[in-house]
>>> print(open('data-v5.pdb').read())   # PDB, C-alpha atoms
MODEL        1
ATOM      1  CA  MET A   1       0.000   0.000   0.000
ATOM      2  CA  LYS A   2       1.075   3.582  -0.642
ATOM      3  CA  ARG A   3       2.192   5.916   2.092
ATOM      4  CA  HIS A   4      -0.346   8.008   3.982
ATOM      5  CA  ALA A   5      -1.743  10.805   1.793
ATOM      6  CA  LEU A   6      -0.947  13.516   4.367
ATOM      7  CA  ILE A   7       2.705  12.463   4.566
ATOM      8  CA  ARG A   8       3.045  12.080   0.797
ATOM      9  CA  GLU A   9       1.020  15.008  -0.561
ATOM     10  CA  GLY A  10      -0.258  17.157   2.293
ATOM     11  CA  ILE A  11       2.946  18.252   4.040
ATOM     12  CA  PRO A  12       3.771  21.095   1.563
ATOM     13  CA  THR A  13       0.230  22.491   1.927
ATOM     14  CA  LEU A  14       0.402  22.120   5.705
ATOM     15  CA  LEU A  15       3.728  23.986   5.839
ATOM     16  CA  VAL A  16       2.248  26.867   3.821
ATOM     17  CA  THR A  17      -0.690  27.142   6.228
ATOM     18  CA  LEU A  18       1.672  27.072   9.228
ATOM     19  CA  ILE A  19       3.721  29.926   7.766
ATOM     20  CA  LEU A  20       0.541  31.857   6.962
ATOM     21  CA  THR A  21      -0.680  31.327  10.537
ATOM     22  CA  ALA A  22       2.580  32.735  11.913
ATOM     23  CA  ILE A  23       2.256  35.798   9.663
ATOM     24  CA  LEU A  24      -1.352  36.346  10.718
ATOM     25  CA  TYR A  25      -0.342  36.119  14.378
ATOM     26  CA  TRP A  26       2.412  38.684  13.784
ATOM     27  CA  ILE A  27      -0.071  41.049  12.099
ATOM     28  CA  TYR A  28      -2.722  40.670  14.793
ATOM     29  CA  PRO A  29      -2.894  37.848  17.382
ATOM     30  CA  TRP A  30      -6.626  37.222  16.933
ATOM     31  CA  LEU A  31      -6.064  36.485  13.235
ATOM     32  CA  VAL A  32      -4.324  33.278  14.281
ATOM     33  CA  LEU A  33      -7.801  31.739  14.533
ATOM     34  CA  ILE A  34      -8.080  31.929  10.736
ATOM     35  CA  GLY A  35      -4.769  30.133  10.386
ATOM     36  CA  ILE A  36      -5.791  27.438  12.861
ATOM     37  CA  ALA A  37      -9.013  26.879  10.898
ATOM     38  CA  LEU A  38      -6.979  26.463   7.693
ATOM     39  CA  ILE A  39      -4.611  24.003   9.390
ATOM     40  CA  LEU A  40      -7.544  21.910  10.642
ATOM     41  CA  PHE A  41      -9.069  21.902   7.156
ATOM     42  CA  VAL A  42      -5.803  20.726   5.560
ATOM     43  CA  LEU A  43      -5.481  17.930   8.133
ATOM     44  CA  TYR A  44      -9.099  16.947   7.508
ATOM     45  CA  PHE A  45      -8.812  17.095   3.717
ATOM     46  CA  PHE A  46      -5.697  14.918   3.523
ATOM     47  CA  ARG A  47      -7.092  12.284   5.868
ATOM     48  CA  ASP A  48      -6.454   8.762   4.630
ATOM     49  CA  PRO A  49      -8.556   6.251   6.585
ATOM     50  CA  LYS A  50      -7.523   2.606   6.581
ATOM     51  CA  ARG A  51      -9.900   0.485   4.523
ATOM     52  CA  MET A  52     -10.218  -3.218   3.839
ATOM     53  CA  PRO A  53     -12.595  -4.442   1.096
ATOM     54  CA  THR A  54     -15.434  -6.572   2.474
ATOM     55  CA  GLU A  55     -15.792  -8.307  -0.937
ATOM     56  CA  SER A  56     -13.137  -9.086  -3.536
ATOM     57  CA  ASN A  57     -14.378 -11.902  -5.801
ATOM     58  CA  GLY A  58     -16.439 -11.053  -8.878
ATOM     59  CA  VAL A  59     -16.896  -7.423  -7.859
ATOM     60  CA  ILE A  60     -15.759  -3.989  -8.954
ATOM     61  CA  LEU A  61     -15.322  -1.450  -6.169
ATOM     62  CA  SER A  62     -15.610   2.309  -6.298
ATOM     63  CA  ALA A  63     -12.365   4.124  -7.057
ATOM     64  CA  ALA A  64     -13.454   7.243  -5.189
ATOM     65  CA  ASP A  65     -15.544   8.603  -2.344
ATOM     66  CA  GLY A  66     -18.337  10.860  -3.506
ATOM     67  CA  LEU A  67     -21.714  11.234  -5.189
ATOM     68  CA  VAL A  68     -22.723   9.371  -8.357
ATOM     69  CA  THR A  69     -23.843  12.042 -10.832
ATOM     70  CA  ASP A  70     -24.338   9.885 -13.940
ATOM     71  CA  VAL A  71     -24.351   6.279 -15.140
ATOM     72  CA  LYS A  72     -24.412   5.799 -18.905
ATOM     73  CA  VAL A  73     -23.311   3.444 -21.683
ATOM     74  CA  VAL A  74     -20.649   4.989 -23.925
ATOM     75  CA  GLU A  75     -17.992   4.057 -26.460
ATOM     76  CA  GLU A  76     -14.636   3.962 -24.668
ATOM     77  CA  GLY A  77     -11.731   4.332 -27.087
ATOM     78  CA  HIS A  78      -8.679   4.648 -24.834
ATOM     79  CA  PHE A  79      -8.411   1.315 -23.025
ATOM     80  CA  ILE A  80     -11.511  -0.879 -23.180
ATOM     81  CA  LYS A  81     -12.051   0.106 -26.839
ATOM     82  CA  GLY A  82     -15.711  -0.736 -27.064
ATOM     83  CA  LYS A  83     -18.997  -0.237 -25.273
ATOM     84  CA  ALA A  84     -18.626   0.425 -21.571
ATOM     85  CA  THR A  85     -20.657   1.766 -18.676
ATOM     86  CA  ARG A  86     -19.255   5.044 -17.379
ATOM     87  CA  ILE A  87     -19.903   5.972 -13.759
ATOM     88  CA  ASP A  88     -19.277   9.649 -12.937
ATOM     89  CA  ILE A  89     -18.443  10.513  -9.325
ATOM     90  CA  PHE A  90     -18.296  14.030  -7.870
ATOM     91  CA  LEU A  91     -15.916  14.623  -4.959
ATOM     92  CA  SER A  92     -16.591  17.665  -2.798
ATOM     93  CA  PRO A  93     -13.800  19.233  -0.693
ATOM     94  CA  LEU A  94     -15.242  17.308   2.288
ATOM     95  CA  ASN A  95     -14.755  13.866   0.706
ATOM     96  CA  VAL A  96     -11.666  11.690   1.121
ATOM     97  CA  HIS A  97      -9.729  12.313  -2.114
ATOM     98  CA  VAL A  98      -7.574   9.186  -2.216
ATOM     99  CA  ASN A  99      -8.352   7.011  -5.269
ATOM    100  CA  ARG A 100      -8.297   3.213  -4.964
ATOM    101  CA  SER A 101      -8.095   0.406  -7.503
ATOM    102  CA  PRO A 102     -11.545  -1.006  -8.389
ATOM    103  CA  ILE A 103     -10.095  -4.461  -9.158
ATOM    104  CA  ALA A 104      -6.969  -6.555  -8.715
ATOM    105  CA  GLY A 105      -4.732  -6.613 -11.779
ATOM    106  CA  LYS A 106      -1.912  -4.967 -13.668
ATOM    107  CA  VAL A 107      -1.681  -1.315 -14.703
ATOM    108  CA  THR A 108      -1.301  -1.600 -18.476
ATOM    109  CA  TYR A 109      -2.393   1.881 -19.601
ATOM    110  CA  ARG A 110      -1.576   5.371 -18.356
ATOM    111  CA  LYS A 111      -2.192   8.692 -20.061
ATOM    112  CA  TYR A 112      -2.172  12.303 -18.874
ATOM    113  CA  GLN A 113      -4.298  14.833 -20.759
ATOM    114  CA  LYS A 114      -4.015  18.588 -20.298
ATOM    115  CA  GLY A 115      -7.237  20.544 -20.058
ATOM    116  CA  LYS A 116      -9.229  23.294 -18.414
ATOM    117  CA  PHE A 117     -10.232  23.683 -14.766
ATOM    118  CA  VAL A 118     -13.981  24.343 -14.857
ATOM    119  CA  PRO A 119     -15.955  23.495 -11.677
ATOM    120  CA  ALA A 120     -16.445  19.776 -11.031
ATOM    121  CA  THR A 121     -20.192  20.466 -10.693
ATOM    122  CA  ASN A 122     -20.309  21.564 -14.350
ATOM    123  CA  PRO A 123     -21.473  18.662 -16.599
ATOM    124  CA  GLU A 124     -18.823  19.665 -19.158
ATOM    125  CA  CYS A 125     -15.947  19.178 -16.716
ATOM    126  CA  HIS A 126     -15.550  15.487 -17.608
ATOM    127  CA  GLU A 127     -15.055  16.447 -21.249
ATOM    128  CA  VAL A 128     -12.812  19.530 -21.081
ATOM    129  CA  ASN A 129     -10.860  19.374 -17.795
ATOM    130  CA  GLU A 130      -7.390  18.051 -17.045
ATOM    131  CA  LYS A 131      -7.498  14.242 -16.832
ATOM    132  CA  ASN A 132      -5.359  11.268 -15.956
ATOM    133  CA  TYR A 133      -6.192   7.782 -17.246
ATOM    134  CA  ILE A 134      -5.269   4.582 -15.375
ATOM    135  CA  GLY A 135      -6.181   1.324 -17.118
ATOM    136  CA  ILE A 136      -6.099  -1.840 -14.996
ATOM    137  CA  LYS A 137      -6.298  -5.317 -16.561
ATOM    138  CA  GLY A 138      -7.447  -8.104 -14.267
ATOM    139  CA  GLU A 139     -10.166 -10.662 -14.904
ATOM    140  CA  LEU A 140     -11.600  -7.835 -17.009
ATOM    141  CA  PRO A 141     -10.347  -4.348 -17.966
ATOM    142  CA  VAL A 142     -11.413  -1.325 -15.907
ATOM    143  CA  LEU A 143     -10.440   2.281 -16.631
ATOM    144  CA  VAL A 144     -10.191   4.919 -13.899
ATOM    145  CA  VAL A 145     -10.099   8.561 -14.997
ATOM    146  CA  GLN A 146      -9.093  11.254 -12.509
ATOM    147  CA  VAL A 147     -10.675  14.600 -13.460
ATOM    148  CA  ALA A 148      -9.466  17.903 -12.044
ATOM    149  CA  GLY A 149     -11.889  20.591 -10.853
ATOM    150  CA  ILE A 150     -11.633  24.356 -10.473
ATOM    151  CA  MET A 151      -9.765  23.977  -7.158
ATOM    152  CA  ALA A 152      -7.944  20.750  -8.008
ATOM    153  CA  ARG A 153      -5.020  21.706 -10.191
ATOM    154  CA  ARG A 154      -2.866  18.756  -9.352
ATOM    155  CA  ILE A 155      -3.739  15.178 -10.147
ATOM    156  CA  VAL A 156      -1.541  12.666  -8.336
ATOM    157  CA  ASP A 157      -0.925   9.213  -9.850
ATOM    158  CA  TRP A 158       0.970   6.704  -7.693
ATOM    159  CA  THR A 159       0.947   3.945 -10.323
ATOM    160  CA  GLU A 160       3.487   2.845 -12.909
ATOM    161  CA  GLU A 161       2.857   0.879 -16.093
ATOM    162  CA  GLY A 162       3.336  -2.828 -15.411
ATOM    163  CA  MET A 163       2.614  -2.393 -11.708
ATOM    164  CA  GLU A 164       0.436  -5.031 -10.002
ATOM    165  CA  VAL A 165      -2.298  -3.619  -7.773
ATOM    166  CA  SER A 166      -4.664  -5.335  -5.381
ATOM    167  CA  ILE A 167      -8.355  -4.521  -5.146
ATOM    168  CA  GLY A 168      -8.841  -1.442  -2.966
ATOM    169  CA  GLU A 169      -5.169  -0.441  -3.127
ATOM    170  CA  LYS A 170      -4.373   3.282  -3.166
ATOM    171  CA  ILE A 171      -3.476   4.445  -6.680
ATOM    172  CA  GLY A 172      -3.509   8.245  -6.401
ATOM    173  CA  MET A 173      -5.488  11.303  -5.362
ATOM    174  CA  ILE A 174      -6.850  14.588  -6.665
ATOM    175  CA  LYS A 175      -6.409  17.710  -4.582
ATOM    176  CA  PHE A 176      -9.606  19.466  -3.491
ATOM    177  CA  SER A 177     -12.927  19.488  -5.401
ATOM    178  CA  SER A 178     -12.735  17.073  -8.344
ATOM    179  CA  GLY A 179     -14.293  14.126 -10.135
ATOM    180  CA  THR A 180     -13.543  10.500 -10.947
ATOM    181  CA  GLN A 181     -14.889   8.383 -13.792
ATOM    182  CA  ILE A 182     -14.912   4.585 -13.881
ATOM    183  CA  TYR A 183     -15.389   2.723 -17.167
ATOM    184  CA  ILE A 184     -16.644  -0.865 -16.881
ATOM    185  CA  PRO A 185     -16.954  -3.221 -19.888
ATOM    186  CA  GLU A 186     -20.185  -4.832 -21.066
ATOM    187  CA  GLY A 187     -21.458  -7.888 -19.225
ATOM    188  CA  VAL A 188     -21.071  -6.425 -15.738
ATOM    189  CA  LYS A 189     -24.170  -5.825 -13.614
ATOM    190  CA  ILE A 190     -24.015  -2.221 -12.400
ATOM    191  CA  THR A 191     -25.170  -1.896  -8.790
ATOM    192  CA  VAL A 192     -25.209   1.901  -8.335
ATOM    193  CA  LYS A 193     -27.299   4.757  -9.709
ATOM    194  CA  PRO A 194     -27.209   8.568  -9.757
ATOM    195  CA  GLY A 195     -27.636   9.977  -6.271
ATOM    196  CA  ASP A 196     -25.801   7.121  -4.532
ATOM    197  CA  ARG A 197     -22.910   7.969  -2.231
ATOM    198  CA  LEU A 198     -19.821   5.796  -2.600
ATOM    199  CA  THR A 199     -16.829   4.864  -0.467
ATOM    200  CA  ALA A 200     -13.581   4.103  -2.294
ATOM    201  CA  GLY A 201     -12.378   0.525  -1.836
ATOM    202  CA  ILE A 202     -15.599  -0.500  -0.090
ATOM    203  CA  THR A 203     -18.729   0.188  -2.162
ATOM    204  CA  VAL A 204     -19.484  -2.448  -4.829
ATOM    205  CA  ILE A 205     -20.397  -0.702  -8.100
ATOM    206  CA  GLY A 206     -20.512  -3.785 -10.336
ATOM    207  CA  ARG A 207     -20.729  -7.585 -10.220
ATOM    208  CA  TYR A 208     -19.625 -10.163 -12.804
ATOM    209  CA  SER A 209     -19.395 -13.938 -13.112
TER     210      SER A 209
ENDMDL
END
>>> encode(input="data-v5.pdb", output="structure tokens")
Amino acid sequence: MKRHALIREGIPTLLVTLILTAILYWIYPWLVLIGIALILFVLYFFRDPKRMPTESNGVILSAADGLVTDVKVVEEGHFIKGKATRIDIFLSPLNVHVNRSPIAGKVTYRKYQKGKFVPATNPECHEVNEKNYIGIKGELPVLVVQVAGIMARRIVDWTEEGMEVSIGEKIGMIKFSSGTQIYIPEGVKITVKPGDRLTAGITVIGRYS
């Protein structure tokens, strides 16, 4: 498993907030309360709770915490290269932002795509925003797409091509408000719908024989 998200990605942000808090205290002692609030938010945002999948056979797990905004059948041309069900997940700043592998398998596809930074609540964000593709080949292929939002201008990918990952293993994160898409090939029974709230590495989003 990867190192704790706070240690790996949050320390630089935490240091900035500590310096800002010191400056605010120097300007006016009461302003330190603003700095303390920012420090608590950073610690909360970069939280990385331990999780163990409750199911692992014949299931696909959510790659992200958040709210399902859409479930639709599309043509996927990057990795699956055919019809697939795409599940769109919105992550608010209050969600855990660590992404986890939906299946056990090997990372056989990775691609970074530059783009815009429109709000993750905008339906167009999945089409025009900065993206990172992670294709995992196990008993079937599953594609995870990390989508940046207006606040999330850094997508973090902890995988390497050829790397073996276990189901529920940490594979990256997106900083602050963002989105995640999961592409699942035909033949899988989808078990979630728009409006459902998901937990990465825990919630089953698809079942297959």
>>> atom_distance(input="data-v5.pdb", atom1="CA of Asp196 in chain A", atom2="CA of Leu67 in chain A")
5.8 Å
>>> closest_residue(input="data-v5.pdb", among="A:Ile19, A:Val156, A:Leu143, A:Val188", to="Val204 in chain A", atoms="all atoms listed in the file")
A:Val188
>>> closest_residue(input="data-v5.pdb", among="A:Thr108, A:Thr203, A:Thr191, A:Asn99", to="Ala64 in chain A", atoms="only C-alpha atoms")
A:Asn99
>>> closest_residue(input="data-v5.pdb", among="A:Val68, A:Ile134, A:Ala84, A:Ile23", to="Glu161 in chain A", atoms="all atoms listed in the file")
A:Ile134
>>> resolve_selection(input="data-v5.pdb", expression="the PyMOL selection byres ((chain A and resi 97) around 10)", output="CSV table (one decimal) with C-alpha atoms, in the coordinates of the input")
chain,number,residue,atom,x,y,z
A,5,ALA,CA,-1.7,10.8,1.8
A,45,PHE,CA,-8.8,17.1,3.7
A,46,PHE,CA,-5.7,14.9,3.5
A,47,ARG,CA,-7.1,12.3,5.9
A,48,ASP,CA,-6.5,8.8,4.6
A,63,ALA,CA,-12.4,4.1,-7.1
A,64,ALA,CA,-13.5,7.2,-5.2
A,65,ASP,CA,-15.5,8.6,-2.3
A,66,GLY,CA,-18.3,10.9,-3.5
A,91,LEU,CA,-15.9,14.6,-5.0
A,92,SER,CA,-16.6,17.7,-2.8
A,93,PRO,CA,-13.8,19.2,-0.7
A,94,LEU,CA,-15.2,17.3,2.3
A,95,ASN,CA,-14.8,13.9,0.7
A,96,VAL,CA,-11.7,11.7,1.1
A,98,VAL,CA,-7.6,9.2,-2.2
A,99,ASN,CA,-8.4,7.0,-5.3
A,100,ARG,CA,-8.3,3.2,-5.0
A,172,GLY,CA,-3.5,8.2,-6.4
A,173,MET,CA,-5.5,11.3,-5.4
A,174,ILE,CA,-6.8,14.6,-6.7
A,175,LYS,CA,-6.4,17.7,-4.6
A,176,PHE,CA,-9.6,19.5,-3.5
A,177,SER,CA,-12.9,19.5,-5.4
A,178,SER,CA,-12.7,17.1,-8.3
A,179,GLY,CA,-14.3,14.1,-10.1
A,180,THR,CA,-13.5,10.5,-10.9
A,200,ALA,CA,-13.6,4.1,-2.3
>>> resolve_selection(input="data-v5.pdb", expression="the PyMOL selection byres ((chain A and resi 182) around 6)", output="list of chain:residue names")
A:Arg86, A:Ile87, A:Leu143, A:Val144, A:Gln181, A:Tyr183
>>> write_last_selection(input="data-v5.pdb", atoms="C-alpha atoms", output="short mmCIF file (atom, residue, chain, number, x, y, z; two decimals), keeping the file's coordinate frame")
data_model
loop_
_atom_site.label_atom_id
_atom_site.label_comp_id
_atom_site.auth_asym_id
_atom_site.auth_seq_id
_atom_site.Cartn_x
_atom_site.Cartn_y
_atom_site.Cartn_z
CA ARG A 86 -19.26 5.04 -17.38
CA ILE A 87 -19.90 5.97 -13.76
CA LEU A 143 -10.44 2.28 -16.63
CA VAL A 144 -10.19 4.92 -13.90
CA GLN A 181 -14.89 8.38 -13.79
CA TYR A 183 -15.39 2.72 -17.17
#
>>> atom_distance(input="data-v5.pdb", atom1="CA of Ile171 in chain A", atom2="CA of Leu18 in chain A")
28.1 Å
>>> resolve_selection(input="data-v5.pdb", expression="the PyMOL selection byres ((chain A and resi 140) around 9)", output="PDB file with C-alpha atoms, in the frame of the given file")
ATOM      1  CA  ILE A 103     -10.095  -4.461  -9.158  1.00  0.00           C
ATOM      2  CA  GLY A 105      -4.732  -6.613 -11.779  1.00  0.00           C
ATOM      3  CA  ILE A 136      -6.099  -1.840 -14.996  1.00  0.00           C
ATOM      4  CA  LYS A 137      -6.298  -5.317 -16.561  1.00  0.00           C
ATOM      5  CA  GLY A 138      -7.447  -8.104 -14.267  1.00  0.00           C
ATOM      6  CA  GLU A 139     -10.166 -10.662 -14.904  1.00  0.00           C
ATOM      7  CA  PRO A 141     -10.347  -4.348 -17.966  1.00  0.00           C
ATOM      8  CA  VAL A 142     -11.413  -1.325 -15.907  1.00  0.00           C
ATOM      9  CA  ILE A 184     -16.644  -0.865 -16.881  1.00  0.00           C
ATOM     10  CA  PRO A 185     -16.954  -3.221 -19.888  1.00  0.00           C
TER      11      PRO A 185
END
